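Step one of this worksheet: look at the structure below.
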Amino acid sequence: MARLMKTKRLIILCLALFGSLLSLKLSIAEYGDIILNSKYKSLRKHGVMDVKFPHWFHRIRFKCKVCHEDIFIIKAGANDIDMTKILNGEKCGKCHNGIIAWEPMHCPRCHAQEPGWKPGPIQNSRKEPIKDKERQRYLDGGIEPWNKGKKK
């Protein structure tokens, strides 16, 4: 009888452990990195790569209300983010000001995604042919800003 109880407890423990590991994997995917590249023309003009925002990194440390809806609107494409606003303490600059979090003076910390990815969560994104001719030029052997303006 005691052996049967131990076996049941072990099975329940294993199921609970499996369930918690499964939910952990799902939560990481839900709060995955997001590619921000709607201003790709300006990004290329200034010689920087697309922005890869680590949403999961922020989400596991802060509740949603810290950023949403006072700083960022929860809708893809609804937030007009640029470096001027960030440096003036708006958008990302609310926290990334050198006091709360590192200041935005290290470009590769944010501008870390190679061009050519569809905007949005990385788990839903992929390299894709872009219909915009000017944007496609950068992807198909055009001038690459990180290659000092030289053609491929």
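Every chain in the structure tokens has a letter given in the order shown (A, B, ...), and although residue numbers restart at 1 in each chain, ligands are simply numbered from 1 in the order shown.
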
Identify, on the basis of only C-alpha atoms, every residue whose closest approach to A:Ile34 does not exceed 8 Å; exclude the query and any residue fewer than 4 positions from it along the same chain; express the result as a ChimeraX atom specification. /A:52-55,119-122

With C-alpha atoms retained, could you export that selection as a PDB file, in the first residue's frame?
```pdb
ATOM      1  CA  LYS A  52      15.668  43.772 -32.344  1.00  0.00           C
ATOM      2  CA  PHE A  53      13.614  44.532 -29.231  1.00  0.00           C
ATOM      3  CA  PRO A  54      13.936  41.805 -26.553  1.00  0.00           C
ATOM      4  CA  HIS A  55      10.331  41.911 -25.342  1.00  0.00           C
ATOM      5  CA  PRO A 119       8.521  43.215 -38.875  1.00  0.00           C
ATOM      6  CA  GLY A 120       6.956  41.729 -35.747  1.00  0.00           C
ATOM      7  CA  PRO A 121       7.707  38.864 -33.362  1.00  0.00           C
ATOM      8  CA  ILE A 122      10.662  36.788 -34.525  1.00  0.00           C
TER       9      ILE A 122
END
```

Write out as a list in words each polymer residue whose atoms come within 8 Å of A:Gln113, counting only C-alpha atoms; drop sequence neighbours fewer than 2 positions from it.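 After dropping sequence-adjacent residues, the list is Ile35, Met49, Asp50, Val51, Lys52, His111 and Pro115 of chain A.
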
Could you give me, as a PyMOL selection string, the residues within 9 Å of stretch 84-100 of chain A, counting only C-alpha atoms and dropping anything in the same chain fewer than 5 positions from it? chain A and resi 67+71-72+79

Output file for the residues above (C-alpha atoms, as an mmCIF file, in the first residue's frame):
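In the end it all went to again-v2.cif:
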```cif
data_model
loop_
_atom_site.group_PDB
_atom_site.id
_atom_site.type_symbol
_atom_site.label_atom_id
_atom_site.label_comp_id
_atom_site.auth_asym_id
_atom_site.auth_seq_id
_atom_site.Cartn_x
_atom_site.Cartn_y
_atom_site.Cartn_z
ATOM 1 C CA CYS A 67 5.248 50.241 -20.465
ATOM 2 C CA ILE A 71 4.611 54.717 -22.987
ATOM 3 C CA PHE A 72 3.728 52.275 -25.771
ATOM 4 C CA ASN A 79 4.275 53.662 -31.890
#
```

Just the strand (DSSP E) stuff from stretch 29-127 of chain A, please, per backbone DSSP, written as a ChimeraX atom specification. /A:34-36,51-53,120-121

Go ahead and write the residues just picked, N, CA and C atoms, as a CSV table (one decimal), in the first residue's frame.
```
chain,number,residue,atom,x,y,z
A,34,ILE,N,11.1,41.1,-30.9
A,34,ILE,CA,10.3,41.8,-31.9
A,34,ILE,C,11.2,42.6,-32.8
A,35,ILE,N,11.0,42.5,-34.1
A,35,ILE,CA,11.8,43.2,-35.0
A,35,ILE,C,11.1,44.5,-35.4
A,36,LEU,N,11.8,45.6,-35.2
A,36,LEU,CA,11.3,46.9,-35.5
A,36,LEU,C,12.0,47.5,-36.7
A,51,VAL,N,16.2,47.2,-35.6
A,51,VAL,CA,16.1,47.0,-34.2
A,51,VAL,C,15.5,45.7,-33.8
A,52,LYS,N,16.2,45.0,-32.9
A,52,LYS,CA,15.7,43.8,-32.3
A,52,LYS,C,15.3,44.1,-30.9
A,53,PHE,N,14.0,44.2,-30.6
A,53,PHE,CA,13.6,44.5,-29.2
A,53,PHE,C,13.4,43.2,-28.4
A,120,GLY,N,7.8,42.4,-36.7
A,120,GLY,CA,7.0,41.7,-35.7
A,120,GLY,C,7.7,40.7,-34.9
A,121,PRO,N,7.0,39.9,-34.2
A,121,PRO,CA,7.7,38.9,-33.4
A,121,PRO,C,8.5,37.9,-34.2
```
